[in-house]
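As stored in coords01.cif (mmCIF, C-alpha atoms):
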```cif
data_my_file
#
loop_
_atom_site.label_atom_id
_atom_site.label_comp_id
_atom_site.auth_asym_id
_atom_site.auth_seq_id
_atom_site.Cartn_x
_atom_site.Cartn_y
_atom_site.Cartn_z
CA MET A 265 100.85 109.83 72.47
CA TYR A 266 102.59 109.85 69.13
CA GLY A 267 106.00 108.40 69.82
CA SER A 268 106.63 105.87 72.56
CA PRO A 269 109.62 106.20 74.90
CA GLU A 270 111.20 103.37 72.89
CA THR A 271 110.70 105.25 69.61
CA ILE A 272 112.13 108.44 71.13
CA ARG A 273 115.20 106.52 72.34
CA ARG A 274 115.69 104.82 68.95
CA ILE A 275 115.49 108.10 67.05
CA LEU A 276 117.92 109.82 69.41
CA THR A 277 120.43 106.96 69.65
CA GLU A 278 120.10 104.69 66.60
CA SER A 279 118.68 106.68 63.67
CA GLY A 280 121.88 108.57 62.90
CA ASP A 281 123.48 111.86 63.75
CA THR A 282 122.58 114.11 60.79
CA TRP A 283 119.51 116.13 61.71
CA ALA A 284 117.87 118.52 59.24
CA VAL A 285 116.13 121.19 61.33
CA VAL A 286 113.32 122.65 59.23
CA GLY A 287 112.61 126.23 60.28
CA LEU A 288 116.08 126.88 61.73
CA SER A 289 117.43 130.37 61.14
CA ASN A 290 119.73 132.77 62.99
CA ASN A 291 116.78 134.17 64.95
CA ARG A 292 117.94 133.53 68.51
CA GLY A 293 114.42 134.18 69.80
CA ARG A 294 113.02 131.08 68.06
CA ALA A 295 112.94 127.71 69.79
CA ALA A 296 114.68 126.02 66.85
CA TYR A 297 117.86 128.00 67.53
CA GLY A 298 118.28 126.72 71.09
CA VAL A 299 117.13 123.19 70.31
CA ALA A 300 119.68 122.95 67.49
CA GLN A 301 122.39 124.10 69.88
CA THR A 302 121.40 121.36 72.34
CA LEU A 303 121.42 118.73 69.59
CA GLN A 304 124.95 119.81 68.63
CA ARG A 305 126.09 119.52 72.26
CA PHE A 306 124.90 115.92 72.19
CA GLY A 307 126.90 115.14 69.05
CA LYS A 308 124.32 115.68 66.33
CA ARG A 309 125.16 117.42 63.07
CA VAL A 310 122.47 120.06 62.59
CA VAL A 311 121.59 121.09 59.04
CA PRO A 312 119.51 124.29 58.85
CA VAL A 313 116.57 124.19 56.42
CA HIS A 314 114.94 127.57 55.90
CA PRO A 315 113.99 129.67 52.86
CA LYS A 316 116.86 132.05 53.72
CA ALA A 317 119.39 129.14 53.64
CA GLU A 318 121.44 130.84 56.37
CA THR A 319 124.52 129.32 57.98
CA VAL A 320 123.53 128.62 61.60
CA HIS A 321 125.74 127.24 64.39
CA GLY A 322 128.52 126.85 61.82
CA GLU A 323 126.49 124.65 59.47
CA GLN A 324 125.55 125.61 55.90
CA GLY A 325 121.83 126.12 55.47
CA TYR A 326 119.63 124.91 52.62
CA ALA A 327 116.35 126.30 51.29
CA SER A 328 114.67 122.86 51.27
CA LEU A 329 115.27 119.24 52.22
CA ALA A 330 115.67 118.40 48.53
CA ASP A 331 118.59 120.86 48.28
CA ILE A 332 120.72 119.03 50.88
CA PRO A 333 123.44 117.20 48.89
CA PHE A 334 124.04 114.42 51.43
CA PRO A 335 121.88 111.93 53.34
CA VAL A 336 119.80 113.16 56.27
CA ASP A 337 118.90 110.79 59.10
CA VAL A 338 116.27 112.72 61.04
CA VAL A 339 114.07 115.65 59.99
CA ASP A 340 113.18 117.86 62.97
CA VAL A 341 110.17 120.02 62.08
CA PHE A 342 109.73 123.55 63.50
CA VAL A 343 106.94 124.75 61.23
CA ASN A 344 103.28 125.14 62.11
CA SER A 345 101.01 122.13 61.93
CA GLU A 346 99.42 123.25 58.67
CA LEU A 347 102.80 123.04 56.89
CA ALA A 348 104.24 120.07 58.77
CA GLY A 349 102.59 117.33 56.71
CA ALA A 350 104.27 118.52 53.52
CA VAL A 351 107.63 118.51 55.30
CA ALA A 352 107.02 114.94 56.52
CA ASP A 353 106.26 113.92 52.93
CA GLN A 354 109.51 115.57 51.79
CA ALA A 355 111.40 113.69 54.52
CA VAL A 356 110.07 110.43 53.10
CA ALA A 357 111.04 111.54 49.59
CA VAL A 358 114.67 112.30 50.55
CA GLY A 359 115.08 108.98 52.36
CA ALA A 360 115.24 110.15 55.97
CA LYS A 361 114.97 107.47 58.65
CA ALA A 362 112.84 109.46 61.08
CA VAL A 363 110.69 112.57 61.44
CA TRP A 364 110.32 114.57 64.63
CA PHE A 365 107.47 117.09 65.00
CA GLN A 366 108.26 119.62 67.72
CA LEU A 367 106.02 120.61 70.64
CA ASP A 368 102.59 121.77 69.43
CA VAL A 369 103.23 120.49 65.89
CA VAL A 370 100.50 117.92 65.26
CA ASP A 371 99.23 116.32 62.06
CA THR A 372 97.86 112.84 62.66
CA GLU A 373 97.40 112.12 58.95
CA ALA A 374 101.05 113.00 58.28
CA TYR A 375 102.03 110.79 61.22
CA ASP A 376 100.13 107.85 59.72
CA ARG A 377 101.56 108.44 56.22
CA THR A 378 105.11 108.71 57.53
CA ARG A 379 104.82 105.55 59.63
CA GLU A 380 103.25 103.68 56.67
CA ALA A 381 106.29 104.73 54.60
CA GLY A 382 108.47 102.93 57.15
CA LEU A 383 109.94 105.88 59.03
CA GLU A 384 110.09 106.31 62.79
CA MET A 385 108.12 109.33 63.97
CA VAL A 386 107.53 111.39 67.08
CA MET A 387 105.01 114.21 67.29
CA ASP A 388 104.45 117.03 69.81
CA ARG A 389 107.74 116.38 71.65
CA CYS A 390 111.09 118.17 71.92
CA PRO A 391 114.43 116.36 71.44
CA ALA A 392 116.21 118.97 73.59
CA ILE A 393 113.98 117.86 76.48
CA GLU A 394 114.23 114.15 75.68
CA ILE A 395 117.94 113.71 74.89
CA PRO A 396 119.28 114.66 78.35
CA ARG A 397 116.88 112.11 79.87
CA LEU A 398 118.68 109.27 78.10
CA GLY A 399 121.47 109.47 80.65
#
```
Encoded form using structure tokens:
Amino acid sequence: MYGSPETIRRILTESGDTWAVVGLSNNRGRAAYGVAQTLQRFGKRVVPVHPKAETVHGEQGYASLADIPFPVDVVDVFVNSELAGAVADQAVAVGAKAVWFQLDVVDTEAYDRTREAGLEMVMDRCPAIEIPRLG
């Protein structure tokens, strides 16, 4: 498993409350939309990152992580596995503290690179499932 229960808890409770959600748009049929809503309910600031740069859930969107003009704590990745590694590398470049690959998003080389860069990382998990479990 890529991301121990301790790592999951640290990311959700200690890494900070500004979450860039890569792949988040106003498409209500996509998982990112509902997950972002759940993160907001638990006190996280959700920053949409999508080529359309749409405002979602009341938060201004940005076309890329590099376009966000303030620090991001966690990068939550809702892109397919083939694209996820590049996003993890961008998260390192912008100084994020953690990267979270959603369910079915797996790139073991990106996981290793991200951990070697000093970031916390979880892969193939969903924060909307994990955060209510914290009690």
task: Could you expand the PyMOL selection byres ((chain A and resi 375) around 9) into the explicit residues it covers here, written as a PyMOL selection string?
output: chain A and resi 266+349+352+363+370-374+376-380+385-387
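CA of Pro312 in chain A is positioned 9.5 Å from CA of Ala296 in chain A.
Using all atoms listed in the file, the contacts of Ala330 in chain A at a cut-off of 12 Å, with sequence neighbours closer than 5 positions omitted, comprise Ala284, Val286, Val313, His314, Pro335, Val336, Val339, Val351, Asp353, Gln354, Ala355, Val356, Ala357, Val358, Gly359 and Ala360 of chain A.
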Can you spit out the residues from that selection as a short mmCIF file (atom, residue, chain, number, x, y, z; two decimals), in the frame of the given file, using C-alpha atoms?
```
data_model
loop_
_atom_site.label_atom_id
_atom_site.label_comp_id
_atom_site.auth_asym_id
_atom_site.auth_seq_id
_atom_site.Cartn_x
_atom_site.Cartn_y
_atom_site.Cartn_z
CA ALA A 284 117.87 118.52 59.24
CA VAL A 286 113.32 122.65 59.23
CA VAL A 313 116.57 124.19 56.42
CA HIS A 314 114.94 127.57 55.90
CA PRO A 335 121.88 111.93 53.34
CA VAL A 336 119.80 113.16 56.27
CA VAL A 339 114.07 115.65 59.99
CA VAL A 351 107.63 118.51 55.30
CA ASP A 353 106.26 113.92 52.93
CA GLN A 354 109.51 115.57 51.79
CA ALA A 355 111.40 113.69 54.52
CA VAL A 356 110.07 110.43 53.10
CA ALA A 357 111.04 111.54 49.59
CA VAL A 358 114.67 112.30 50.55
CA GLY A 359 115.08 108.98 52.36
CA ALA A 360 115.24 110.15 55.97
#
```
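With distances taken over all atoms listed in the file, A:Val343 is the one residue among A:Thr282, A:Ala317, A:Gly325, A:Val343 lying closest to Arg294 in chain A.
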List as a compact mmCIF listing (two decimals) with C-alpha atoms, keeping the file's coordinate frame the protein and nucleic acid residues near range 297-310 of chain A, meaning an atom at most 7 Å away when all atoms listed in the file are counted, but skip any in the same chain fewer than 2 places from it.
```
# COMPACT_ATOMS: atom_id res chain seq x y z
CA ASP A 281 123.48 111.86 63.75
CA THR A 282 122.58 114.11 60.79
CA TRP A 283 119.51 116.13 61.71
CA ALA A 284 117.87 118.52 59.24
CA VAL A 285 116.13 121.19 61.33
CA LEU A 288 116.08 126.88 61.73
CA SER A 289 117.43 130.37 61.14
CA ASN A 290 119.73 132.77 62.99
CA ASN A 291 116.78 134.17 64.95
CA ARG A 292 117.94 133.53 68.51
CA ARG A 294 113.02 131.08 68.06
CA ALA A 295 112.94 127.71 69.79
CA PRO A 312 119.51 124.29 58.85
CA GLU A 323 126.49 124.65 59.47
CA ALA A 392 116.21 118.97 73.59
```
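The shortest atom-to-atom distance to Tyr326 in chain A, with all atoms listed in the file taken into account, belongs to A:Val311 out of A:Ala362, A:Ile275, A:Val311, A:Ile395.
CA of Thr271 in chain A is found 11.9 Å from CA of Pro391 in chain A.
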- prompt: Contacts of range 277-279 of chain A at 8 Å or less, counting all atoms listed in the file, minus same-chain residues fewer than 3 places along, as a PyMOL selection string?
  reply: chain A and resi 273-274+337-338+361-362
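Every residue that the PyMOL selection byres ((chain A and resi 368) around 10) selects in this file is listed here: Phe342, Val343, Asn344, Ser345, Phe365, Gln366, Leu367, Val369, Val370, Asp371, Met387, Asp388, Arg389 and Cys390 of chain A.
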- prompt: What is the distance, in Å and to one decimal place, between CA of Val341 in chain A and CA of Gly399 in chain A?
  reply: 24.2 Å
Could you give me the centre and size, in Å to one decimal, of an axis-aligned box around all listed atoms of range 290-297 of chain A with 8 Å added on every side, as JSON?
```
{"center_x": 116.3, "center_y": 130.1, "center_z": 66.4, "size_x": 22.8, "size_y": 24.2, "size_z": 22.8}
```
task: Considering all atoms listed in the file, state which residue in the set A:Glu318, A:Leu276, A:Glu384, A:Asp331 is at the smallest distance from Pro396 in chain A.
output: A:Leu276
